[in-house]
file input02.cif (mmCIF, C-alpha atoms and all ligand atoms)
data_work
#
loop_
_atom_site.label_atom_id
_atom_site.label_comp_id
_atom_site.auth_asym_id
_atom_site.auth_seq_id
_atom_site.Cartn_x
_atom_site.Cartn_y
_atom_site.Cartn_z
CA MET A 1201 -46.67 -99.04 14.58
CA LYS A 1202 -45.38 -97.39 17.73
CA LEU A 1203 -41.68 -97.40 18.54
CA ASN A 1204 -40.95 -98.87 21.96
CA PRO A 1205 -38.57 -97.20 24.45
CA ASN A 1206 -35.79 -99.67 23.52
CA GLN A 1207 -36.08 -98.73 19.86
CA LEU A 1208 -36.01 -95.02 20.65
CA ALA A 1209 -32.97 -95.54 22.89
CA ALA A 1210 -31.25 -97.56 20.13
CA TYR A 1211 -31.92 -94.78 17.62
CA ASP A 1212 -30.38 -92.22 19.99
CA ARG A 1213 -27.39 -94.48 20.70
CA ASP A 1214 -26.69 -95.86 17.20
CA GLY A 1215 -28.21 -93.25 14.89
CA PHE A 1216 -30.24 -95.81 13.00
CA LEU A 1217 -33.07 -98.25 13.45
CA VAL A 1218 -33.94 -101.37 11.46
CA LEU A 1219 -37.69 -102.00 11.29
CA GLU A 1220 -38.46 -105.34 9.65
CA ASN A 1221 -41.74 -105.93 7.78
CA PHE A 1222 -42.53 -102.22 7.81
CA VAL A 1223 -43.93 -102.48 4.28
CA ASP A 1224 -45.70 -105.52 2.84
CA ALA A 1225 -44.34 -107.38 -0.18
CA CYS A 1226 -47.20 -106.19 -2.42
CA SER A 1227 -46.40 -102.52 -1.76
CA CYS A 1228 -42.72 -103.18 -2.54
CA ASP A 1229 -43.68 -104.93 -5.78
CA ARG A 1230 -46.07 -102.13 -6.76
CA LEU A 1231 -43.32 -99.57 -6.34
CA ARG A 1232 -40.87 -101.68 -8.34
CA ALA A 1233 -43.42 -102.10 -11.13
CA ARG A 1234 -44.04 -98.34 -11.20
CA ALA A 1235 -40.31 -97.60 -11.34
CA ALA A 1236 -40.00 -100.07 -14.23
CA GLU A 1237 -42.83 -98.23 -16.06
CA LEU A 1238 -41.13 -94.87 -15.53
CA VAL A 1239 -37.90 -96.25 -16.97
CA HIS A 1240 -39.79 -97.82 -19.87
CA ASP A 1241 -41.35 -94.44 -20.73
CA PHE A 1242 -38.06 -92.56 -20.34
CA ASP A 1243 -36.23 -91.63 -23.52
CA PRO A 1244 -32.51 -91.78 -22.66
CA GLU A 1245 -31.32 -90.01 -25.82
CA GLY A 1246 -31.70 -86.47 -24.50
CA VAL A 1247 -30.05 -87.28 -21.22
CA ILE A 1248 -27.16 -89.23 -22.74
CA SER A 1249 -26.38 -86.17 -24.84
CA ILE A 1250 -26.28 -84.05 -21.68
CA PHE A 1251 -23.55 -86.28 -20.31
CA SER A 1252 -21.58 -86.46 -23.54
CA THR A 1253 -21.48 -82.89 -24.89
CA HIS A 1254 -18.40 -80.66 -24.74
CA GLU A 1255 -20.15 -78.64 -22.08
CA GLN A 1256 -20.60 -81.78 -20.03
CA THR A 1257 -19.95 -80.26 -16.62
CA ARG A 1258 -22.30 -77.33 -17.04
CA THR A 1259 -25.17 -79.26 -18.62
CA SER A 1260 -24.96 -82.23 -16.27
CA ASP A 1261 -24.77 -79.83 -13.31
CA GLU A 1262 -27.98 -78.17 -14.53
CA TYR A 1263 -29.75 -81.50 -15.06
CA PHE A 1264 -28.85 -82.47 -11.49
CA LEU A 1265 -29.38 -79.07 -9.84
CA GLU A 1266 -32.86 -78.67 -11.34
CA SER A 1267 -34.02 -82.12 -10.24
CA GLY A 1268 -35.34 -81.07 -6.78
CA ASP A 1269 -38.88 -80.69 -8.07
CA LYS A 1270 -38.70 -83.13 -10.97
CA VAL A 1271 -38.48 -86.81 -11.83
CA ARG A 1272 -35.06 -87.24 -13.41
CA PHE A 1273 -32.96 -90.24 -14.36
CA PHE A 1274 -29.27 -90.68 -13.53
CA PHE A 1275 -27.01 -93.32 -15.03
CA GLU A 1276 -24.57 -95.73 -13.42
CA GLU A 1277 -21.03 -94.48 -13.96
CA ASN A 1278 -20.08 -97.72 -15.71
CA ALA A 1279 -23.13 -97.67 -17.98
CA PHE A 1280 -21.33 -96.14 -20.97
CA GLN A 1281 -18.88 -97.43 -23.55
CA PRO A 1282 -15.98 -95.16 -24.56
CA ASP A 1283 -18.02 -93.91 -27.56
CA GLY A 1284 -20.78 -92.67 -25.22
CA THR A 1285 -23.35 -95.36 -26.05
CA LEU A 1286 -24.88 -97.59 -23.41
CA ARG A 1287 -23.19 -100.94 -22.72
CA GLN A 1288 -26.51 -102.56 -21.86
CA SER A 1289 -30.26 -101.79 -22.00
CA LYS A 1290 -31.45 -98.55 -20.40
CA GLU A 1291 -33.31 -100.73 -17.85
CA ARG A 1292 -29.91 -102.05 -16.68
CA SER A 1293 -28.14 -98.68 -16.92
CA ILE A 1294 -30.02 -96.35 -14.57
CA ASN A 1295 -28.46 -95.74 -11.18
CA LYS A 1296 -31.34 -93.78 -9.67
CA ILE A 1297 -34.44 -91.67 -10.24
CA GLY A 1298 -34.84 -88.45 -8.22
CA HIS A 1299 -35.73 -86.23 -6.48
CA ALA A 1300 -39.47 -85.45 -6.28
CA LEU A 1301 -41.11 -88.80 -7.06
CA HIS A 1302 -43.10 -88.51 -3.84
CA ASP A 1303 -44.84 -85.33 -5.05
CA LEU A 1304 -45.10 -85.95 -8.77
CA ASP A 1305 -46.00 -89.60 -9.15
CA PRO A 1306 -49.25 -90.93 -7.62
CA VAL A 1307 -47.86 -94.40 -6.83
CA PHE A 1308 -44.81 -92.95 -5.06
CA ASP A 1309 -46.99 -90.33 -3.36
CA LYS A 1310 -49.19 -93.08 -1.89
CA PHE A 1311 -46.21 -95.18 -0.78
CA SER A 1312 -44.56 -92.15 0.86
CA ARG A 1313 -47.58 -90.73 2.67
CA THR A 1314 -48.87 -93.44 4.97
CA PRO A 1315 -50.09 -93.09 8.57
CA GLU A 1316 -47.23 -95.41 9.64
CA ILE A 1317 -44.56 -93.10 8.21
CA ALA A 1318 -46.32 -90.02 9.61
CA GLN A 1319 -46.34 -91.66 13.05
CA LEU A 1320 -42.66 -92.52 12.75
CA ALA A 1321 -41.85 -88.87 12.00
CA ALA A 1322 -43.84 -87.74 15.05
CA GLU A 1323 -42.10 -90.27 17.29
CA LEU A 1324 -38.71 -89.11 16.05
CA GLY A 1325 -39.59 -85.59 17.19
CA ILE A 1326 -40.45 -83.97 13.85
CA ALA A 1327 -43.45 -81.85 14.83
CA ASP A 1328 -44.26 -80.37 11.41
CA PRO A 1329 -42.83 -82.80 8.83
CA LEU A 1330 -42.04 -81.96 5.21
CA LEU A 1331 -41.11 -84.59 2.64
CA LEU A 1332 -38.01 -83.09 1.11
CA GLN A 1333 -36.49 -85.64 -1.23
CA SER A 1334 -37.10 -89.09 -2.70
CA MET A 1335 -34.85 -91.39 -4.69
CA TYR A 1336 -35.38 -94.75 -6.33
CA ILE A 1337 -32.03 -96.53 -6.26
CA PHE A 1338 -31.47 -99.51 -8.57
CA LYS A 1339 -28.00 -100.72 -7.56
CA GLN A 1340 -27.86 -102.58 -10.85
CA PRO A 1341 -26.46 -106.11 -11.15
CA ARG A 1342 -22.70 -106.16 -11.96
CA ILE A 1343 -22.33 -102.37 -12.45
CA GLY A 1344 -24.11 -100.97 -9.37
CA GLY A 1345 -21.85 -98.10 -8.26
CA GLU A 1346 -20.35 -97.48 -4.84
CA VAL A 1347 -21.78 -94.72 -2.60
CA THR A 1348 -18.91 -93.46 -0.46
CA CYS A 1349 -19.18 -92.73 3.25
CA HIS A 1350 -21.30 -89.65 3.94
CA HIS A 1351 -24.09 -88.38 6.11
CA ASP A 1352 -27.28 -87.04 4.61
CA ALA A 1353 -27.05 -83.72 6.49
CA THR A 1354 -24.19 -82.82 4.14
CA PHE A 1355 -26.69 -82.74 1.28
CA LEU A 1356 -29.91 -81.83 3.10
CA TYR A 1357 -28.87 -79.39 5.78
CA THR A 1358 -31.30 -77.55 8.06
CA GLU A 1359 -30.78 -75.11 10.95
CA PRO A 1360 -31.15 -76.49 13.54
CA LEU A 1361 -30.52 -79.92 12.10
CA ARG A 1362 -33.75 -81.92 12.10
CA LEU A 1363 -33.57 -84.54 9.37
CA PHE A 1364 -34.03 -88.27 9.01
CA GLY A 1365 -33.91 -90.61 6.07
CA LEU A 1366 -35.97 -93.73 5.40
CA TRP A 1367 -34.33 -96.44 3.32
CA PHE A 1368 -36.89 -98.99 2.16
CA ALA A 1369 -35.53 -102.35 1.00
CA LEU A 1370 -37.59 -103.33 -2.04
CA GLU A 1371 -35.47 -106.47 -2.44
CA ASP A 1372 -33.32 -108.39 0.04
CA ALA A 1373 -30.11 -106.40 0.60
CA THR A 1374 -26.98 -108.41 1.35
CA ILE A 1375 -23.24 -107.78 1.47
CA GLU A 1376 -23.10 -109.53 -1.92
CA ASN A 1377 -25.49 -107.14 -3.70
CA GLY A 1378 -24.37 -103.93 -1.99
CA CYS A 1379 -26.34 -103.43 1.24
CA LEU A 1380 -25.98 -100.31 3.38
CA TRP A 1381 -23.16 -100.11 5.93
CA ALA A 1382 -23.22 -97.68 8.86
CA ILE A 1383 -21.00 -96.61 11.76
CA PRO A 1384 -23.13 -97.13 14.88
CA GLY A 1385 -22.94 -94.01 17.05
CA GLY A 1386 -21.20 -92.06 14.28
CA HIS A 1387 -24.02 -89.49 14.26
CA LYS A 1388 -22.49 -88.07 17.45
CA LEU A 1389 -19.34 -86.97 15.60
CA GLY A 1390 -21.01 -83.82 14.24
CA LEU A 1391 -21.37 -82.34 10.77
CA LYS A 1392 -18.39 -82.89 8.45
CA SER A 1393 -19.34 -80.83 5.42
CA ARG A 1394 -22.11 -79.21 3.42
CA PHE A 1395 -22.75 -79.69 -0.30
CA VAL A 1396 -23.83 -76.26 -1.55
CA ARG A 1397 -24.50 -74.35 -4.76
CA ALA A 1398 -21.34 -72.50 -5.70
CA GLU A 1399 -21.53 -68.75 -6.28
CA GLY A 1400 -20.40 -68.98 -9.94
CA GLY A 1401 -22.60 -72.00 -10.80
CA GLY A 1402 -22.22 -75.71 -10.06
CA THR A 1403 -21.63 -77.09 -6.60
CA ARG A 1404 -18.91 -77.34 -3.97
CA PHE A 1405 -18.28 -78.93 -0.59
CA GLU A 1406 -17.98 -76.57 2.35
CA VAL A 1407 -15.71 -78.49 4.72
CA ILE A 1408 -16.41 -78.11 8.43
CA ASP A 1409 -14.36 -80.96 9.93
CA GLU A 1410 -11.62 -82.73 7.98
CA THR A 1411 -11.27 -85.67 10.37
CA PRO A 1412 -11.76 -88.87 8.35
CA TRP A 1413 -14.66 -91.18 9.15
CA PRO A 1414 -13.68 -94.05 11.51
CA GLU A 1415 -14.51 -96.53 8.77
CA ASP A 1416 -13.19 -99.53 10.73
CA GLY A 1417 -16.41 -99.14 12.76
CA LEU A 1418 -18.64 -99.80 9.73
CA LYS A 1419 -21.24 -102.55 10.17
CA PRO A 1420 -23.22 -104.15 7.32
CA LEU A 1421 -26.99 -103.75 7.52
CA GLU A 1422 -28.23 -106.82 5.68
CA VAL A 1423 -32.01 -106.65 5.57
CA GLU A 1424 -34.95 -108.38 3.96
CA LYS A 1425 -37.40 -106.93 1.48
CA GLY A 1426 -40.04 -104.83 3.29
CA THR A 1427 -37.60 -103.56 5.95
CA VAL A 1428 -37.14 -99.85 6.50
CA ILE A 1429 -33.87 -98.48 7.90
CA VAL A 1430 -34.33 -95.15 9.67
CA LEU A 1431 -31.18 -93.04 9.35
CA HIS A 1432 -30.36 -90.07 11.58
CA GLY A 1433 -29.31 -87.14 9.36
CA LEU A 1434 -25.78 -87.24 10.81
CA LEU A 1435 -25.24 -91.01 10.61
CA PRO A 1436 -22.21 -91.96 8.46
CA HIS A 1437 -23.18 -94.68 5.98
CA LEU A 1438 -22.18 -96.05 2.60
CA SER A 1439 -22.88 -98.84 0.14
CA ARG A 1440 -20.30 -100.80 -1.82
CA GLU A 1441 -20.32 -101.75 -5.48
CA ASN A 1442 -22.70 -104.44 -6.61
CA ARG A 1443 -20.73 -106.99 -8.65
CA SER A 1444 -23.32 -109.71 -8.08
CA PRO A 1445 -25.90 -110.91 -10.63
CA LYS A 1446 -28.73 -109.56 -8.43
CA SER A 1447 -30.04 -106.01 -8.25
CA ARG A 1448 -30.63 -104.35 -4.87
CA GLN A 1449 -33.46 -101.91 -5.37
CA ALA A 1450 -34.32 -99.44 -2.62
CA TYR A 1451 -36.44 -96.33 -2.18
CA THR A 1452 -35.34 -93.47 0.05
CA LEU A 1453 -37.31 -90.63 1.51
CA HIS A 1454 -35.98 -87.71 3.54
CA VAL A 1455 -38.04 -85.75 6.03
CA ILE A 1456 -37.26 -82.38 7.64
CA ASP A 1457 -39.13 -80.13 10.07
CA ALA A 1458 -40.93 -77.07 8.69
CA ALA A 1459 -39.90 -75.19 11.83
CA THR A 1460 -36.23 -75.26 10.75
CA HIS A 1461 -34.45 -72.96 8.30
CA TYR A 1462 -33.64 -74.53 4.91
CA PRO A 1463 -30.69 -72.54 3.48
CA GLU A 1464 -30.89 -71.12 -0.01
CA ASN A 1465 -27.48 -72.48 -0.88
CA ASN A 1466 -28.38 -76.12 -0.22
CA TRP A 1467 -27.91 -77.90 -3.55
CA LEU A 1468 -31.50 -79.22 -3.54
CA GLN A 1469 -34.02 -76.46 -4.23
CA ARG A 1470 -37.58 -76.14 -5.46
CA TRP A 1471 -39.46 -73.53 -7.40
CA ALA A 1472 -42.03 -71.57 -5.39
CA GLU A 1473 -44.81 -73.13 -7.50
CA MET A 1474 -44.19 -76.51 -5.89
CA PRO A 1475 -43.72 -76.04 -2.15
CA LEU A 1476 -42.76 -78.94 0.08
CA ARG A 1477 -45.65 -80.83 1.65
CA GLY A 1478 -46.10 -83.06 4.68
CA PHE A 1479 -48.12 -86.25 4.98
O1 LIG A 1501 -28.81 -97.08 -1.43
C1 LIG A 1501 -27.62 -96.82 -1.45
O2 LIG A 1501 -26.83 -97.54 -2.04
C2 LIG A 1501 -27.07 -95.63 -0.73
C3 LIG A 1501 -28.10 -94.62 -0.46
C4 LIG A 1501 -27.62 -93.53 0.42
O3 LIG A 1501 -26.58 -93.57 1.00
C5 LIG A 1501 -28.42 -92.34 0.62
O4 LIG A 1501 -29.52 -92.27 0.08
O5 LIG A 1501 -27.99 -91.45 1.35
#
call {"tool": "encode", "arguments": {"input": "input02.cif", "output": "C-alpha cells"}}
result
Amino acid sequence: MKLNPNQLAAYDRDGFLVLENFVDACSCDRLRARAAELVHDFDPEGVISIFSTHEQTRTSDEYFLESGDKVRFFFEENAFQPDGTLRQSKERSINKIGHALHDLDPVFDKFSRTPEIAQLAAELGIADPLLLQSMYIFKQPRIGGEVTCHHDATFLYTEPLRLFGLWFALEDATIENGCLWAIPGGHKLGLKSRFVRAEGGGTRFEVIDETPWPEDGLKPLEVEKGTVIVLHGLLPHLSRENRSPKSRQAYTLHVIDAATHYPENNWLQRWAEMPLRGF
C-alpha cells in the first residue's frame, strides 16, 4: 500500500495518519489469540510479589527496566485489592505485555515484519529501519487505566529524532472503551521531556519545556478493528480510562532509523546479545 501525496501531507500537517483496513480481521484475531495464550501461560505469582514487597520501588523498577529485550507482563493499576491479591482473573488484570514481543514471539514477529509495514517506514523517510519496541495493550473492561498526554519521543528518543509509532486496533476503539486522542499539529511544538535512567538507579524525567500541552485541541480517534494509526514521534496523544464492559485491545510497534544515535540513558535498553533488527 503506497501513501498518496494527500496522506503524506496530512501526516506532515497533523502528525498522524489513520489507515483503515491496514490489517485483515484474521491477522487481528490471530494476534489476540496469541496474546491470550501468552497470558494463559504466564504465572502471575512471581510478578505480583515484585509489586508487593517492601522493596517495591527497586524491584518493580528492575522488572520494568529489564523488559527491553524480554516479554514481560504489567498489571492494571486497579487490578489489586488492598491485601495485594488480584480483584479478578489474571486475564482481566493485565494492562500490557512488553517490550520485545516482535523479536521473541514468532506470531508477533510475523505480524510486525510485513512488506506493507516496511513500505510504510520507507515512505515516512526511515531509510534503515529498526524495530525498537512492541507492546500489547489490553485496556481491560471497567478497569482499563488512563494513559496521560505524552509523546513517544519522551520515552524513545533518538538524535536526530527519527521515530514513528504504529497503533494497530485489534478491536473497534471508541470514546466509550478508551480510544486514542491526539492534538493535530501538536508534533510541531517540539520535545517536552525525556524519560531516562537515573544515575543512582531507577528513572527520571529530564524536562526540556514545561509548557503544558494544549489539551483543548485533543481530538478522539475512533477507529475500527484492522485500522493502523501512524503516530509521529512528537505527536501528543493520550487514552482515557475504560469504564465500559468492552475491552479495547491494541498492538503498538515503534520504529527508529539505524542512522540515528540511540542514547545510553534512554530507559529502554537491550543487551548486546540481542541487537535491534529491521524488517
Ligand atoms: O493504547 C493506549 O491506550 C495508549 C498507547 C500509547 O499512548 C502509546 O503506546 O504511546
call {"tool": "atom_distance", "arguments": {"input": "input02.cif", "atom1": "CA of Glu1237 in chain A", "atom2": "CA of Leu1438 in chain A"}}
result
27.9 Å
call {"tool": "residues_near_ligand", "arguments": {"input": "input02.cif", "ligand": "ligand LIG 1501 (chain A)", "cutoff": "9 Å", "atoms": "all atoms listed in the file", "output": "PyMOL selection string"}}
result
chain A and resi 1334-1339+1344-1352+1355+1365-1367+1369+1378-1381+1431+1436-1441+1448-1454
call {"tool": "closest_atom_pairs", "arguments": {"input": "input02.cif", "of": "range 1385-1453 of chain A", "to": "range 1277-1293 of chain A", "cutoff": "12 Å", "atoms": "all atoms listed in the file", "output": "Markdown table"}}
result
| residue | atom | partner | partner_atom | distance |
| --- | --- | --- | --- | --- |
| A:Glu1441 | CA | A:Asn1278 | CA | 11.0 |
| A:Asn1442 | CA | A:Asn1278 | CA | 11.6 |
| A:Arg1443 | CA | A:Asn1278 | CA | 11.7 |
| A:Pro1445 | CA | A:Arg1292 | CA | 11.5 |
| A:Lys1446 | CA | A:Arg1292 | CA | 11.2 |
| A:Ser1447 | CA | A:Arg1292 | CA | 9.3 |
| A:Gln1449 | CA | A:Arg1292 | CA | 11.9 |
call {"tool": "atom_distance", "arguments": {"input": "input02.cif", "atom1": "CA of Val1407 in chain A", "atom2": "CA of Lys1392 in chain A"}}
result
6.4 Å
call {"tool": "closest_residue", "arguments": {"input": "input02.cif", "among": "A:Ala1353, A:Leu1361, A:Leu1468, A:Val1223", "to": "Ser1393 in chain A", "atoms": "only C-alpha atoms"}}
result
A:Ala1353
call {"tool": "atom_distance", "arguments": {"input": "input02.cif", "atom1": "CA of Ala1236 in chain A", "atom2": "CA of Phe1311 in chain A"}}
result
15.6 Å
call {"tool": "closest_residue", "arguments": {"input": "input02.cif", "among": "A:Glu1276, A:Asp1309, A:Glu1464, A:Glu1422", "to": "Lys1296 in chain A", "atoms": "only C-alpha atoms"}}
result
A:Glu1276
call {"tool": "closest_residue", "arguments": {"input": "input02.cif", "among": "A:Val1423, A:Ala1373, A:Leu1356, A:Leu1434", "to": "His1461 in chain A", "atoms": "all atoms listed in the file"}}
result
A:Leu1356
call {"tool": "closest_residue", "arguments": {"input": "input02.cif", "among": "A:His1432, A:Leu1324, A:Arg1234, A:Glu1410", "to": "Lys1388 in chain A", "atoms": "only C-alpha atoms"}}
result
A:His1432
